[in-house]
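File shown here: data_23.csv, holding CSV, C-alpha atoms.
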```
chain,number,residue,atom,x,y,z
A,251,MET,CA,20.3,1.8,4.7
A,252,THR,CA,21.0,4.8,7.0
A,253,SER,CA,24.1,5.2,9.1
A,254,ASP,CA,21.8,4.9,12.2
A,255,TYR,CA,20.8,1.4,11.0
A,256,ARG,CA,24.5,0.3,10.7
A,257,GLU,CA,25.3,1.9,14.1
A,258,ASP,CA,22.4,0.0,15.6
A,259,ILE,CA,23.7,-3.3,14.0
A,260,ARG,CA,27.2,-2.6,15.4
A,261,HIS,CA,26.0,-2.0,18.9
A,262,ALA,CA,23.6,-5.0,18.8
A,263,LEU,CA,26.4,-7.3,17.6
A,264,LYS,CA,28.7,-6.2,20.4
A,265,VAL,CA,26.0,-7.1,23.0
A,266,LEU,CA,25.2,-10.4,21.3
A,267,ARG,CA,28.8,-11.4,21.1
A,268,ALA,CA,29.2,-10.6,24.8
A,269,GLY,CA,26.3,-12.9,25.7
A,270,GLY,CA,23.8,-10.1,26.3
A,271,VAL,CA,20.2,-9.5,25.5
A,272,ILE,CA,18.9,-7.1,22.9
A,273,LEU,CA,15.5,-5.6,22.3
A,274,TYR,CA,15.0,-5.4,18.5
A,275,PRO,CA,12.5,-5.0,15.7
A,276,THR,CA,12.0,-8.3,13.9
A,277,ASP,CA,10.1,-9.2,10.8
A,278,THR,CA,7.0,-9.4,12.9
A,279,ILE,CA,6.8,-7.8,16.4
A,280,TRP,CA,9.4,-6.3,18.7
A,281,GLY,CA,11.5,-9.1,20.2
A,282,LEU,CA,14.0,-10.0,22.9
A,283,GLY,CA,17.0,-11.6,21.2
A,284,CYS,CA,20.3,-13.3,22.1
A,285,ASP,CA,22.8,-15.8,20.8
A,286,ALA,CA,20.7,-19.0,20.3
A,287,THR,CA,23.9,-21.0,21.0
A,288,ASN,CA,24.7,-19.4,24.3
A,289,ALA,CA,22.9,-21.1,27.3
A,290,GLU,CA,23.6,-18.3,29.7
A,291,ALA,CA,22.2,-15.7,27.3
A,292,VAL,CA,19.1,-17.9,26.8
A,293,ARG,CA,18.6,-18.2,30.6
A,294,LYS,CA,18.7,-14.3,30.8
A,295,ILE,CA,15.8,-14.1,28.4
A,296,TYR,CA,13.8,-16.7,30.4
A,297,SER,CA,14.5,-14.6,33.5
A,298,ILE,CA,13.5,-11.3,31.9
A,299,LYS,CA,10.2,-12.8,30.6
A,300,ARG,CA,9.5,-14.8,33.8
A,301,ARG,CA,8.8,-17.6,31.4
A,302,PRO,CA,8.7,-21.3,32.4
A,303,ASP,CA,11.8,-23.0,30.9
A,304,SER,CA,9.5,-25.8,29.6
A,305,LYS,CA,8.3,-23.4,26.8
A,306,SER,CA,10.8,-23.2,24.0
A,307,MET,CA,11.6,-20.1,22.0
A,308,ILE,CA,11.7,-19.2,18.3
A,309,VAL,CA,15.0,-18.9,16.5
A,310,LEU,CA,15.8,-16.7,13.5
A,311,VAL,CA,18.2,-17.7,10.8
A,312,ASN,CA,19.0,-15.9,7.5
A,313,SER,CA,19.1,-18.8,5.0
A,314,VAL,CA,18.4,-22.5,4.3
A,315,ASP,CA,22.1,-23.1,4.7
A,316,MET,CA,22.1,-21.7,8.2
A,317,LEU,CA,18.9,-23.6,9.0
A,318,SER,CA,20.5,-26.9,8.0
A,319,ARG,CA,23.3,-26.4,10.5
A,320,TYR,CA,20.7,-26.2,13.4
A,321,VAL,CA,18.1,-28.8,12.3
A,322,SER,CA,18.7,-32.5,11.8
A,323,HIS,CA,17.3,-33.5,8.4
A,324,PRO,CA,14.9,-30.7,7.6
A,325,PRO,CA,12.1,-32.2,5.4
A,326,ASP,CA,12.1,-31.0,1.8
A,327,VAL,CA,8.5,-29.8,2.1
A,328,ALA,CA,9.5,-27.6,5.1
A,329,ILE,CA,12.3,-26.0,3.1
A,330,GLN,CA,10.0,-25.3,0.2
A,331,MET,CA,7.4,-23.8,2.4
A,332,ALA,CA,10.0,-21.6,4.1
A,333,GLU,CA,11.3,-20.4,0.8
A,334,LEU,CA,7.9,-19.8,-0.8
A,335,SER,CA,6.1,-18.2,2.1
A,336,GLU,CA,5.4,-14.5,1.4
A,337,LYS,CA,4.6,-13.8,5.1
A,338,PRO,CA,6.8,-14.6,8.1
A,339,LEU,CA,6.5,-18.4,8.8
A,340,THR,CA,7.9,-20.2,11.8
A,341,ILE,CA,8.3,-23.9,11.2
A,342,VAL,CA,8.7,-26.3,14.1
A,343,TYR,CA,11.1,-29.1,13.2
A,344,ASP,CA,11.4,-32.5,15.0
A,345,LYS,CA,15.0,-32.2,16.0
A,346,GLY,CA,17.1,-29.1,16.6
A,347,ARG,CA,20.9,-29.4,17.1
A,348,SER,CA,23.9,-27.2,18.1
A,349,LEU,CA,21.5,-24.8,20.0
A,350,ALA,CA,21.7,-23.8,23.7
A,351,GLU,CA,19.8,-25.7,26.3
A,352,GLY,CA,16.4,-24.1,26.7
A,353,VAL,CA,16.0,-23.3,23.0
A,354,THR,CA,14.5,-26.6,22.0
A,355,ALA,CA,11.4,-28.1,23.5
A,356,PRO,CA,11.6,-31.0,25.9
A,357,ASP,CA,10.9,-33.4,22.9
A,358,GLY,CA,13.9,-31.9,21.0
A,359,SER,CA,11.8,-29.9,18.5
A,360,VAL,CA,12.6,-26.3,17.6
A,361,GLY,CA,10.8,-23.5,16.0
A,362,ILE,CA,12.9,-21.7,13.4
A,363,ARG,CA,12.0,-18.8,11.0
A,364,ILE,CA,14.1,-17.8,8.0
A,365,CYS,CA,14.0,-14.0,8.4
A,366,ARG,CA,13.9,-11.8,5.3
A,367,ASP,CA,13.6,-8.5,7.1
A,368,PRO,CA,16.6,-6.4,6.0
A,369,PHE,CA,17.6,-5.3,9.6
A,370,CYS,CA,17.4,-8.9,11.0
A,371,ASP,CA,19.0,-10.4,7.9
A,372,GLU,CA,22.1,-8.1,8.3
A,373,LEU,CA,22.2,-8.7,12.0
A,374,ILE,CA,22.2,-12.5,11.6
A,375,THR,CA,24.5,-12.4,8.6
A,376,SER,CA,27.1,-10.3,10.6
A,377,PHE,CA,26.6,-12.3,13.7
A,378,ARG,CA,27.0,-15.6,11.8
A,379,LYS,CA,24.8,-17.5,14.3
A,380,PRO,CA,21.1,-17.8,14.9
A,381,ILE,CA,19.3,-15.3,17.2
A,382,ILE,CA,16.5,-15.9,19.6
A,383,SER,CA,13.3,-14.1,18.8
A,384,THR,CA,10.7,-14.0,21.6
A,385,SER,CA,8.1,-11.4,22.1
A,386,ALA,CA,9.2,-8.4,24.2
A,387,ASN,CA,6.8,-8.9,27.1
A,388,ILE,CA,6.5,-10.7,30.4
A,389,SER,CA,5.2,-14.2,29.8
A,390,GLY,CA,1.4,-14.3,29.7
A,391,GLU,CA,1.0,-10.6,28.9
A,392,ILE,CA,0.0,-9.2,25.5
A,393,PRO,CA,2.9,-9.0,23.1
A,394,PRO,CA,3.6,-5.4,22.2
A,395,ALA,CA,2.6,-4.5,18.6
A,396,VAL,CA,4.7,-1.3,18.6
A,397,PHE,CA,7.8,-0.1,20.5
A,398,PRO,CA,5.9,2.3,22.9
A,399,ALA,CA,3.8,-0.6,24.1
A,400,ILE,CA,6.9,-2.4,25.6
A,401,SER,CA,6.9,-2.2,29.4
A,402,ASP,CA,9.5,-0.3,31.3
A,403,GLU,CA,10.3,-3.6,33.1
A,404,ILE,CA,11.4,-5.1,29.8
A,405,THR,CA,13.4,-2.1,28.6
A,406,ALA,CA,15.2,-1.8,31.9
A,407,ALA,CA,16.2,-5.5,31.8
A,408,VAL,CA,17.9,-5.7,28.4
A,409,ASP,CA,21.5,-4.8,27.5
A,410,TYR,CA,20.8,-2.9,24.4
A,411,ILE,CA,17.6,-1.3,22.8
A,412,CYS,CA,17.7,-0.9,19.0
A,413,LEU,CA,16.8,2.5,17.8
A,414,TYR,CA,15.7,1.3,14.4
A,415,ARG,CA,11.9,1.4,13.8
A,416,GLN,CA,11.1,2.7,17.3
A,417,ASP,CA,8.9,5.3,15.7
A,418,ASP,CA,7.2,2.8,13.3
A,419,MET,CA,3.5,2.6,14.5
A,420,SER,CA,2.4,0.1,11.9
A,421,LYS,CA,1.1,-2.9,13.9
A,422,ALA,CA,2.7,-6.1,12.9
A,423,ALA,CA,1.4,-9.6,13.8
A,424,ALA,CA,3.2,-12.6,15.1
A,425,SER,CA,4.3,-15.2,12.5
A,426,SER,CA,2.2,-18.1,11.4
A,427,VAL,CA,3.5,-21.3,13.0
A,428,ILE,CA,3.4,-24.8,11.5
A,429,LYS,CA,4.9,-28.1,12.5
A,430,VAL,CA,6.5,-30.2,9.8
A,431,SER,CA,7.4,-33.8,10.9
A,432,GLY,CA,10.2,-35.8,9.5
A,433,ASN,CA,7.7,-37.7,7.4
A,434,GLY,CA,6.5,-34.5,5.8
A,435,ALA,CA,3.2,-34.3,7.7
A,436,VAL,CA,2.2,-30.6,8.3
A,437,LYS,CA,0.2,-29.4,11.3
A,438,ILE,CA,-1.0,-25.7,11.6
A,439,ILE,CA,-0.2,-24.4,15.1
A,440,ARG,CA,-1.0,-20.7,14.6
A,441,GLN,CA,-2.3,-18.9,11.5
```
Output the structure of this file as structure tokens.
Amino acid sequence: MTSDYREDIRHALKVLRAGGVILYPTDTIWGLGCDATNAEAVRKIYSIKRRPDSKSMIVLVNSVDMLSRYVSHPPDVAIQMAELSEKPLTIVYDKGRSLAEGVTAPDGSVGIRICRDPFCDELITSFRKPIISTSANISGEIPPAVFPAISDEITAAVDYICLYRQDDMSKAAASSVIKVSGNGAVKIIRQ
């Protein structure tokens, strides 16, 4: 890890702890992030994206242990899938808990991804809380595959823009999304 990487983490943590919004590289595409347990920070992201608050957001955690603190009774099959998946996999669980209002869907479900990206892993580990991960675009617009594709409106609205991977032009895709019900039934939402 370069010193720039650690400096980026330090600045991002300061903003997250203060209830701010960061623009950061995730294990998939560039995302808007905040403390997933801070309702005011979550509202800021909805405002930046101009997103209806009826649409929930994805949460990043760094381990099964952290996942278990924010999901009521995660099914064993979901844990196994999350641990074995080689590609980023967001799993929608029936019942989230201890998360800010606006993070879970109206039915109480929540999409969570165990993030293995080194930058995100260190950020989440140092923050010790889950972080929102929603695409860095105005709702309804095409999610940016690379940093230069992010609109000026988005960059002007956030409290901190991570420097790490801004020059990386390899186009990542959004994660696969599946729903795993409490009974273990699996439904593919996005491949």
Q. For Pro302 in chain A, which residue out of A:Met419, A:Gly390, A:Asp277, A:Ile381 is the nearest one, using only C-alpha atoms?
A.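 Selected residue with least distance to Pro302 in chain A: A:Gly390.
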**Q.** Gap from CA of Ile329 in chain A to CA of Val271 in chain A - Å, one decimal
**A.** 28.9 Å
Q: Just the residues within 8 Å of range 365-379 of chain A, please, counting only C-alpha atoms, with nothing from its chain fewer than 5 positions along; format it as a ChimeraX atom specification.
A: /A:255,259,262-263,266-267,275-277,285-287,310-313,316,338
Selected residues, C-alpha atoms, written as an mmCIF file, in the frame of the given file, please.
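New file part.cif:
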```cif
data_model
loop_
_atom_site.group_PDB
_atom_site.id
_atom_site.type_symbol
_atom_site.label_atom_id
_atom_site.label_comp_id
_atom_site.auth_asym_id
_atom_site.auth_seq_id
_atom_site.Cartn_x
_atom_site.Cartn_y
_atom_site.Cartn_z
ATOM 1 C CA TYR A 255 20.800 1.400 11.000
ATOM 2 C CA ILE A 259 23.700 -3.300 14.000
ATOM 3 C CA ALA A 262 23.600 -5.000 18.800
ATOM 4 C CA LEU A 263 26.400 -7.300 17.600
ATOM 5 C CA LEU A 266 25.200 -10.400 21.300
ATOM 6 C CA ARG A 267 28.800 -11.400 21.100
ATOM 7 C CA PRO A 275 12.500 -5.000 15.700
ATOM 8 C CA THR A 276 12.000 -8.300 13.900
ATOM 9 C CA ASP A 277 10.100 -9.200 10.800
ATOM 10 C CA ASP A 285 22.800 -15.800 20.800
ATOM 11 C CA ALA A 286 20.700 -19.000 20.300
ATOM 12 C CA THR A 287 23.900 -21.000 21.000
ATOM 13 C CA LEU A 310 15.800 -16.700 13.500
ATOM 14 C CA VAL A 311 18.200 -17.700 10.800
ATOM 15 C CA ASN A 312 19.000 -15.900 7.500
ATOM 16 C CA SER A 313 19.100 -18.800 5.000
ATOM 17 C CA MET A 316 22.100 -21.700 8.200
ATOM 18 C CA PRO A 338 6.800 -14.600 8.100
#
```
Q: Please indicate the distance in Å from CA of Ile438 in chain A to CA of Glu351 in chain A, rounded to one decimal place.
A: 25.5 Å
With all atoms listed in the file as the counted atoms, please give the residues lying no more than 12 Å from His261 in chain A, apart from itself and same-chain residues fewer than 3 positions off, as an mmCIF file with C-alpha atoms, in the coordinates of the input.
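Written file, result_23.cif:
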```cif
data_model
loop_
_atom_site.group_PDB
_atom_site.id
_atom_site.type_symbol
_atom_site.label_atom_id
_atom_site.label_comp_id
_atom_site.auth_asym_id
_atom_site.auth_seq_id
_atom_site.Cartn_x
_atom_site.Cartn_y
_atom_site.Cartn_z
ATOM 1 C CA ASP A 254 21.800 4.900 12.200
ATOM 2 C CA TYR A 255 20.800 1.400 11.000
ATOM 3 C CA ARG A 256 24.500 0.300 10.700
ATOM 4 C CA GLU A 257 25.300 1.900 14.100
ATOM 5 C CA ASP A 258 22.400 0.000 15.600
ATOM 6 C CA LYS A 264 28.700 -6.200 20.400
ATOM 7 C CA VAL A 265 26.000 -7.100 23.000
ATOM 8 C CA LEU A 266 25.200 -10.400 21.300
ATOM 9 C CA ARG A 267 28.800 -11.400 21.100
ATOM 10 C CA ALA A 268 29.200 -10.600 24.800
ATOM 11 C CA GLY A 270 23.800 -10.100 26.300
ATOM 12 C CA VAL A 271 20.200 -9.500 25.500
ATOM 13 C CA ILE A 272 18.900 -7.100 22.900
ATOM 14 C CA LEU A 273 15.500 -5.600 22.300
ATOM 15 C CA TYR A 274 15.000 -5.400 18.500
ATOM 16 C CA LEU A 373 22.200 -8.700 12.000
ATOM 17 C CA SER A 376 27.100 -10.300 10.600
ATOM 18 C CA PHE A 377 26.600 -12.300 13.700
ATOM 19 C CA ASP A 409 21.500 -4.800 27.500
ATOM 20 C CA TYR A 410 20.800 -2.900 24.400
ATOM 21 C CA ILE A 411 17.600 -1.300 22.800
ATOM 22 C CA CYS A 412 17.700 -0.900 19.000
ATOM 23 C CA LEU A 413 16.800 2.500 17.800
ATOM 24 C CA TYR A 414 15.700 1.300 14.400
#
```
**Q.** d(CA of Leu339 in chain A, CA of Arg415 in chain A) in Å
**A.** 21.1 Å
Q. So, counting only C-alpha atoms, which residue among A:Gly281, A:Thr340, A:Asn288, A:Gly358 is closest to Ser306 in chain A?
A.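 Checking each of A:Gly281, A:Thr340, A:Asn288, A:Gly358 against Ser306 in chain A, counting only C-alpha atoms, the winner is A:Gly358.
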(Q) Using all atoms listed in the file, which protein or nucleic acid residues come within 8 Å of Ser385 in chain A? Drop anything in the same chain fewer than 5 positions from it, and give the result as an MDAnalysis selection string. (A) chainID A and resid 279:282 393:394
